[in-house]
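A.B. asks: One structure follows; several queries about it will come next.
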Amino acid sequence: MACVVATSCGQPSEPSAAAPAGTAGDPLLGPAEPATGSPVRIGLFNVEDNPLADLRSTGDAAAAAAAYANDHLGGLAGHRIEVVRCADKVDEAAAAACAEQFLQAGVAAVVAGQPTTADAVLPRMVAAGIPWVGSSPLSSSEIGSSDAFFFGSGAVGLLGAFAQYSHDVGYRNVVIYGVDSAQVIALVQSLGRAVFTKAGITMQFVSVPPGGVDATSQIQKGLAANPDAVLVIAERTACQSVLAALHGVGATTPKLVGSACVDRSVIGALGESAIDNAVVFGIGDPSGTHQEAQVYRAVMQQYAPGDDPTGLTTTGYASMLGFVRAVNAGGLPDSDQVTGEQITTALREARDVPRPLGNSSTFSCDRSHLSPQLVKATICTSEILYATYTGGVPGRYNKIDVAPIFGS
């Protein structure tokens, strides 16, 4: 989950094919099936180029998925995908510049990697008939727009999974350490409080600054309530701060965390013991032996070999590949030009689509799988995967359905 507030875009990229074209490569990629139709421009908006929040690997994974689709999946219903990439620099003025760039480039959809300033971009896209898609809704505009589609439930689902899991194992008092972001705070205090109240669990929220600061005082504040478990909802720098402080004070309280907390850089900095026995929740399983995990690793090795494939990198891949699979399942008219309206129609027709990294799971975007009273966006799956980490590696992934805790 992304971290801070606001964004800036700097210089948006020119349209590209997303990544270098593949060669024969890994057989897991499947046979060559190049896109031969007219190009379609797809926006990519993701947190990058900010000292406190740089998730470039998330954007790279999205671009890699687009390149893979162009080489092996026939692109977007036969059309070659050109990615128009613009960096969310955690600055609203720059985010507005990204919105303008997307409009000027004539994008037919915008794929969200893990942005923090979607509120400065999404409304302009929706007003222009351009659908917004992703795997990790966080901002109020993402959660509140019926023209936004998500192939994972992101921070929304993470809070639901935390609440459901805590209820199932008997926790009655928890503390959430969350990154000090207006979006995260608003989400936890609204949706988060609602689902924990429904689960009969007392929840305290303690914010932690991003950037890898010493979080000992914040950790001590949360532990003073003697919680049954500590929960972490943050990007990797705040995750690292929380885990380091918990380890430093010798806390043995059970930990439930998001996938950003097991980014390779976090484990490398803190050591495996910092996440031992932590239960990690995420949109999928990138490390398993099942087909989806193997394809993910093959795509990253082929098209983004320099990127760390752990942590939130998976979000960009799931967002772009989920988008491609959904549109290809729904189908587009036989035309040289692809419009936002056509893509929206295709998304609403997508049913039982294999979910990237989902280990035999599927998603369907013909309806939202979370309660429309709480979430207006179309959440195409209510499933979250989780595993317990031991020795720095995950055990068997299990699935949890968060729809009941949302009243769906």
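Chain identifiers are assigned as A, B, and so on, following the order in which chains appear in the structure tokens; residues are numbered from 1 within each chain, and ligands are numbered from 1 in order of appearance.
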Give me, as a list of chain:residue names, all polymer residues having an atom no more than 6 Å from stretch 331-333 of chain A, counting only C-alpha atoms and skipping those fewer than 3 positions away in the same chain.
C.D. replies: A:Val327, A:Asn328, A:Ala346
A.B. asks: Keeping all heavy atoms for every residue in the selection just given, could you write it to a file as a CSV table (one decimal), in the first residue's frame?
C.D. replies:
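result05.csv, written as the output of this step:
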```csv
chain,number,residue,atom,x,y,z
A,327,VAL,N,-10.3,-7.2,-20.1
A,327,VAL,CA,-10.7,-6.7,-21.3
A,327,VAL,C,-10.7,-7.8,-22.4
A,327,VAL,O,-11.7,-7.9,-23.2
A,327,VAL,CB,-9.8,-5.5,-21.8
A,327,VAL,CG1,-10.2,-5.1,-23.2
A,327,VAL,CG2,-10.0,-4.3,-20.8
A,328,ASN,N,-9.7,-8.6,-22.4
A,328,ASN,CA,-9.7,-9.7,-23.4
A,328,ASN,C,-10.8,-10.7,-23.2
A,328,ASN,O,-11.4,-11.3,-24.2
A,328,ASN,CB,-8.4,-10.4,-23.4
A,328,ASN,CG,-7.2,-9.6,-24.0
A,328,ASN,OD1,-7.5,-8.5,-24.5
A,328,ASN,ND2,-6.0,-10.0,-23.9
A,346,ALA,N,-16.4,-3.8,-21.8
A,346,ALA,CA,-15.6,-5.1,-21.7
A,346,ALA,C,-15.4,-5.5,-20.3
A,346,ALA,O,-15.5,-6.6,-19.9
A,346,ALA,CB,-14.3,-5.0,-22.5
```
A.B. asks: Counting only C-alpha atoms, what is within 12 Å of A:Gly248, bar same-chain residues fewer than 4 positions away, as JSON, numbers by chain?
C.D. replies: {"A": [214, 215, 216, 217, 219, 220, 240, 241, 242, 243, 244, 252, 270, 273, 274]}
A.B. asks: Please list as JSON, numbers by chain every residue within 8 Å of stretch 303-316 of chain A, counting only C-alpha atoms and excluding residues in the same chain fewer than 5 positions away.
C.D. replies: {"A": [1, 19, 20, 21, 22, 55, 57, 58, 59, 60, 61, 62, 64, 67, 68, 112, 113, 114, 134, 135, 136, 236, 259, 260, 261, 262, 263, 264, 283, 284, 286, 297]}
A.B. asks: Could you check how far atom CA of A:Gly106 sits from atom CA of A:Asp88, in Å to one decimal?
C.D. replies: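 Separation between atom CA of A:Gly106 and atom CA of A:Asp88: 19.0 Å.
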A.B. asks: Considering only C-alpha atoms, return as a list in words whatever protein or nucleic-acid residues lie within 10 Å of A:Gly152, sequence-local ones (same chain, fewer than 4 positions apart) excluded.
C.D. replies: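 Non-adjacent residues within range: Gly134, Ser135, Ser136, Pro137, Val156, Gly157, Leu158, Gly282, Ile283, Gly284, Thr315, Ala318, Ser319, Gly322, Arg355, Pro356, Gly358, Phe363, Ile379, Cys380, Thr381, Ser382, Glu383 and Ile384 of chain A.
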A.B. asks: Would you save the residues of that selection, restricted to C-alpha atoms, as a PDB file, in the first residue's frame?
C.D. replies:
```pdb
ATOM      1  CA  GLY A 134      -5.937  -1.257 -10.470  1.00  0.00           C
ATOM      2  CA  SER A 135      -5.517  -3.740  -7.647  1.00  0.00           C
ATOM      3  CA  SER A 136      -5.141  -1.547  -4.580  1.00  0.00           C
ATOM      4  CA  PRO A 137      -7.841   1.087  -3.965  1.00  0.00           C
ATOM      5  CA  VAL A 156      -9.747  -1.824   1.809  1.00  0.00           C
ATOM      6  CA  GLY A 157      -9.548  -5.604   1.701  1.00  0.00           C
ATOM      7  CA  LEU A 158      -6.504  -5.629   3.971  1.00  0.00           C
ATOM      8  CA  GLY A 282      -1.625  -9.652   0.085  1.00  0.00           C
ATOM      9  CA  ILE A 283      -3.281  -9.779  -3.316  1.00  0.00           C
ATOM     10  CA  GLY A 284      -1.559 -13.013  -4.306  1.00  0.00           C
ATOM     11  CA  THR A 315       0.576  -4.802  -7.269  1.00  0.00           C
ATOM     12  CA  ALA A 318      -1.606  -7.671 -10.994  1.00  0.00           C
ATOM     13  CA  SER A 319      -3.125  -4.339 -12.012  1.00  0.00           C
ATOM     14  CA  GLY A 322      -5.666  -8.144 -14.571  1.00  0.00           C
ATOM     15  CA  ARG A 355      -6.559 -13.699 -11.213  1.00  0.00           C
ATOM     16  CA  PRO A 356      -2.864 -12.838 -11.564  1.00  0.00           C
ATOM     17  CA  GLY A 358      -4.234 -15.889  -7.441  1.00  0.00           C
ATOM     18  CA  PHE A 363     -12.276 -12.477 -10.527  1.00  0.00           C
ATOM     19  CA  ILE A 379     -14.132  -4.577  -6.465  1.00  0.00           C
ATOM     20  CA  CYS A 380     -13.844  -7.637  -8.696  1.00  0.00           C
ATOM     21  CA  THR A 381     -12.818 -10.061  -5.938  1.00  0.00           C
ATOM     22  CA  SER A 382     -13.285 -10.227  -2.180  1.00  0.00           C
ATOM     23  CA  GLU A 383     -10.482 -12.736  -1.676  1.00  0.00           C
ATOM     24  CA  ILE A 384      -7.214 -12.024   0.139  1.00  0.00           C
TER      25      ILE A 384
END
```
A.B. asks: From the set A:Ile343, A:Ala155, A:Ala120, A:Leu370, which residue has the shortest atom-to-atom contact distance to A:Ser141, counting only C-alpha atoms?
C.D. replies: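 Distance minimum relative to A:Ser141 lands on A:Ala120.
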A.B. asks: Using only C-alpha atoms, can you tell me which of A:Arg80, A:Arg193, A:His290, A:His369 comes closest to A:Ser153?
C.D. replies: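 For A:Ser153, the nearest of the given residues is A:His369.
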A.B. asks: Could you tell me how far atom CA of A:Pro131 sits from atom CA of A:Gly30, in Å to one decimal place?
C.D. replies: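 A separation of 29.1 Å between them.
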A.B. asks: A:Gly200: which residues within 12 Å, counting only C-alpha atoms, same-chain residues fewer than 4 positions away excluded, as JSON, numbers by chain?
C.D. replies: {"A": [163, 164, 166, 167, 168, 170, 171, 172, 173, 174, 193, 194, 195, 196, 405]}
A.B. asks: Quick one: everything within 10 Å of A:Ala77, counting only C-alpha atoms, minus sequence neighbours fewer than 3 positions away in the same chain. Send it as a PyMOL selection string.
C.D. replies: chain A and resi 35-37+69-70+73-74+80-81+324-325+327-334+338
A.B. asks: Which parts of stretch 259-355 of chain A does DSSP call helix (DSSP H, G or I) when run on the backbone here, written out as a PyMOL selection string?
C.D. replies: chain A and resi 259-262+264-270+272-275+291-303+313-330+340-349
A.B. asks: Have a look at atom CA of A:Cys86 and atom CA of A:Ala99 and let me know their distance in Å, one decimal.
C.D. replies: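 We find that atom CA of A:Cys86 and atom CA of A:Ala99 lie 8.9 Å from each other.
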A.B. asks: Give me the residues within 8 Å of stretch 40-54 of chain A as a PyMOL selection string, counting only C-alpha atoms and dropping any in the same chain fewer than 6 places off.
C.D. replies: chain A and resi 2-4+7+15+62+76+79-90+98+102+105-116+210-211+235+237+337-338
A.B. asks: Using N, CA, C and O atoms, can you export the residues from the last selection as a compact mmCIF listing (two decimals), in the first residue's frame?
C.D. replies:
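Result file follows (result-v4.txt):
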```
# COMPACT_ATOMS: atom_id res chain seq x y z
N ALA A 2 0.45 2.21 -0.70
CA ALA A 2 1.27 3.39 -0.82
C ALA A 2 1.23 4.18 0.45
O ALA A 2 0.45 3.95 1.32
N CYS A 3 2.09 5.17 0.49
CA CYS A 3 2.32 5.76 1.78
C CYS A 3 1.78 7.15 1.94
O CYS A 3 0.75 7.34 2.49
N VAL A 4 2.44 8.10 1.51
CA VAL A 4 2.24 9.45 1.98
C VAL A 4 1.08 10.15 1.30
O VAL A 4 0.22 9.55 0.71
N THR A 7 1.02 14.23 -4.68
CA THR A 7 1.98 13.73 -5.67
C THR A 7 2.41 14.75 -6.69
O THR A 7 1.73 15.68 -6.94
N PRO A 15 4.66 7.76 -24.88
CA PRO A 15 4.12 6.42 -25.03
C PRO A 15 5.23 5.45 -25.42
O PRO A 15 6.13 5.78 -26.18
N ALA A 62 4.18 -3.30 -13.82
CA ALA A 62 3.03 -3.04 -14.68
C ALA A 62 3.47 -2.96 -16.14
O ALA A 62 2.83 -3.53 -17.04
N LEU A 76 -3.97 -6.06 -26.14
CA LEU A 76 -5.31 -5.79 -25.61
C LEU A 76 -6.32 -6.07 -26.72
O LEU A 76 -6.53 -5.23 -27.60
N HIS A 79 -4.82 -5.32 -30.01
CA HIS A 79 -4.17 -4.00 -30.12
C HIS A 79 -2.88 -3.97 -29.30
O HIS A 79 -2.86 -4.44 -28.16
N ARG A 80 -1.85 -3.38 -29.87
CA ARG A 80 -0.59 -3.26 -29.15
C ARG A 80 -0.68 -2.16 -28.11
O ARG A 80 -1.09 -1.03 -28.40
N ILE A 81 -0.32 -2.49 -26.89
CA ILE A 81 -0.41 -1.55 -25.79
C ILE A 81 0.79 -0.61 -25.80
O ILE A 81 1.94 -1.04 -25.83
N GLU A 82 0.51 0.70 -25.79
CA GLU A 82 1.54 1.71 -25.59
C GLU A 82 1.29 2.35 -24.22
O GLU A 82 0.24 2.93 -23.98
N VAL A 83 2.26 2.21 -23.35
CA VAL A 83 2.12 2.72 -21.99
C VAL A 83 2.55 4.18 -21.92
O VAL A 83 3.65 4.53 -22.33
N VAL A 84 1.67 5.01 -21.40
CA VAL A 84 1.99 6.41 -21.11
C VAL A 84 2.17 6.51 -19.60
O VAL A 84 1.21 6.50 -18.84
N ARG A 85 3.42 6.57 -19.17
CA ARG A 85 3.74 6.46 -17.74
C ARG A 85 4.00 7.83 -17.13
O ARG A 85 4.78 8.61 -17.66
N CYS A 86 3.34 8.10 -16.03
CA CYS A 86 3.53 9.38 -15.34
C CYS A 86 3.70 9.12 -13.85
O CYS A 86 2.92 8.37 -13.25
N ALA A 87 4.70 9.74 -13.26
CA ALA A 87 5.05 9.46 -11.87
C ALA A 87 4.21 10.27 -10.89
O ALA A 87 4.10 11.49 -11.01
N ASP A 88 3.64 9.58 -9.93
CA ASP A 88 2.99 10.20 -8.78
C ASP A 88 4.10 10.53 -7.79
O ASP A 88 4.62 9.64 -7.13
N LYS A 89 4.47 11.78 -7.73
CA LYS A 89 5.58 12.18 -6.86
C LYS A 89 5.12 12.68 -5.50
O LYS A 89 5.83 13.41 -4.82
N VAL A 90 3.92 12.31 -5.13
CA VAL A 90 3.34 12.73 -3.86
C VAL A 90 3.22 14.25 -3.83
O VAL A 90 3.63 14.93 -2.89
N CYS A 98 -0.16 15.11 -14.60
CA CYS A 98 -0.30 13.76 -15.15
C CYS A 98 -1.68 13.59 -15.78
O CYS A 98 -1.81 13.01 -16.86
N PHE A 102 -2.34 12.54 -19.64
CA PHE A 102 -3.15 11.39 -20.07
C PHE A 102 -4.23 11.82 -21.07
O PHE A 102 -4.47 11.14 -22.07
N ALA A 105 -2.64 12.69 -24.41
CA ALA A 105 -2.13 11.52 -25.10
C ALA A 105 -3.26 10.65 -25.65
O ALA A 105 -3.01 9.75 -26.46
N GLY A 106 -4.48 10.90 -25.20
CA GLY A 106 -5.61 10.12 -25.68
C GLY A 106 -5.66 8.71 -25.14
O GLY A 106 -6.02 7.77 -25.86
N VAL A 107 -5.31 8.54 -23.85
CA VAL A 107 -5.34 7.19 -23.28
C VAL A 107 -6.78 6.67 -23.23
O VAL A 107 -7.73 7.44 -23.07
N ALA A 108 -6.92 5.36 -23.36
CA ALA A 108 -8.24 4.74 -23.32
C ALA A 108 -8.58 4.22 -21.94
O ALA A 108 -9.74 3.88 -21.66
N ALA A 109 -7.59 4.15 -21.05
CA ALA A 109 -7.77 3.73 -19.66
C ALA A 109 -6.54 4.14 -18.89
O ALA A 109 -5.48 4.40 -19.48
N VAL A 110 -6.66 4.20 -17.57
CA VAL A 110 -5.49 4.46 -16.71
C VAL A 110 -5.37 3.30 -15.74
O VAL A 110 -6.33 2.94 -15.04
N VAL A 111 -4.18 2.71 -15.71
CA VAL A 111 -3.86 1.65 -14.76
C VAL A 111 -3.14 2.28 -13.57
O VAL A 111 -2.12 2.96 -13.75
N ALA A 112 -3.67 2.08 -12.39
CA ALA A 112 -3.05 2.59 -11.16
C ALA A 112 -2.12 1.52 -10.61
O ALA A 112 -2.54 0.39 -10.34
N GLY A 113 -0.84 1.88 -10.46
CA GLY A 113 0.09 0.98 -9.80
C GLY A 113 -0.19 1.02 -8.31
O GLY A 113 -0.97 0.24 -7.78
N GLN A 114 0.44 1.97 -7.63
CA GLN A 114 0.11 2.25 -6.23
C GLN A 114 0.25 3.76 -6.02
O GLN A 114 1.26 4.25 -5.55
N PRO A 115 -0.75 4.52 -6.41
CA PRO A 115 -0.66 5.98 -6.29
C PRO A 115 -1.10 6.49 -4.93
O PRO A 115 -1.78 5.78 -4.17
N THR A 116 -0.72 7.73 -4.62
CA THR A 116 -1.17 8.38 -3.39
C THR A 116 -2.04 9.60 -3.69
O THR A 116 -2.71 10.10 -2.81
N PRO A 210 6.53 8.23 7.37
CA PRO A 210 7.29 7.47 6.38
C PRO A 210 8.76 7.88 6.41
O PRO A 210 9.14 8.83 7.11
N GLY A 211 9.58 7.15 5.67
CA GLY A 211 10.96 7.56 5.52
C GLY A 211 11.95 6.85 6.41
O GLY A 211 13.13 7.22 6.45
N GLU A 235 3.57 1.50 3.61
CA GLU A 235 4.55 1.16 2.59
C GLU A 235 5.83 0.71 3.28
O GLU A 235 5.91 0.67 4.51
N THR A 237 8.95 1.75 3.91
CA THR A 237 9.79 2.47 4.86
C THR A 237 9.13 2.54 6.24
O THR A 237 9.79 2.38 7.27
N GLN A 337 -9.85 1.85 -33.58
CA GLN A 337 -9.78 2.76 -32.44
C GLN A 337 -10.45 2.13 -31.22
O GLN A 337 -11.56 1.56 -31.33
N VAL A 338 -9.79 2.22 -30.09
CA VAL A 338 -10.33 1.71 -28.83
C VAL A 338 -10.70 2.90 -27.95
O VAL A 338 -9.88 3.80 -27.73
```
A.B. asks: Using only C-alpha atoms, which of the listed residues (A:Val133, A:Ala225, A:Leu357, A:Ala94) sits closest to A:Phe151?
C.D. replies: A:Val133
A.B. asks: Have a look at A:Gly392, A:Arg348, A:Leu187, A:Gln218 and name the one nearest to A:Gly268; count only C-alpha atoms.
C.D. replies: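 Comparing A:Gly392, A:Arg348, A:Leu187, A:Gln218 against A:Gly268, the winner is A:Gly392.
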A.B. asks: Identify which of the residues A:Ser364, A:Val208, A:Val299, A:Pro254 lies closest to A:Val179, counting only C-alpha atoms when measuring atom-to-atom distances.
C.D. replies: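 Of the candidates, the smallest distance to A:Val179 is held by A:Val208.
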A.B. asks: Could you tell me which of A:Ser38, A:Gly178, A:Ala66, A:Leu29 comes closest to A:Met320 if we count only C-alpha atoms?
C.D. replies: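 Checking each of A:Ser38, A:Gly178, A:Ala66, A:Leu29 against A:Met320, counting only C-alpha atoms, the winner is A:Ala66.
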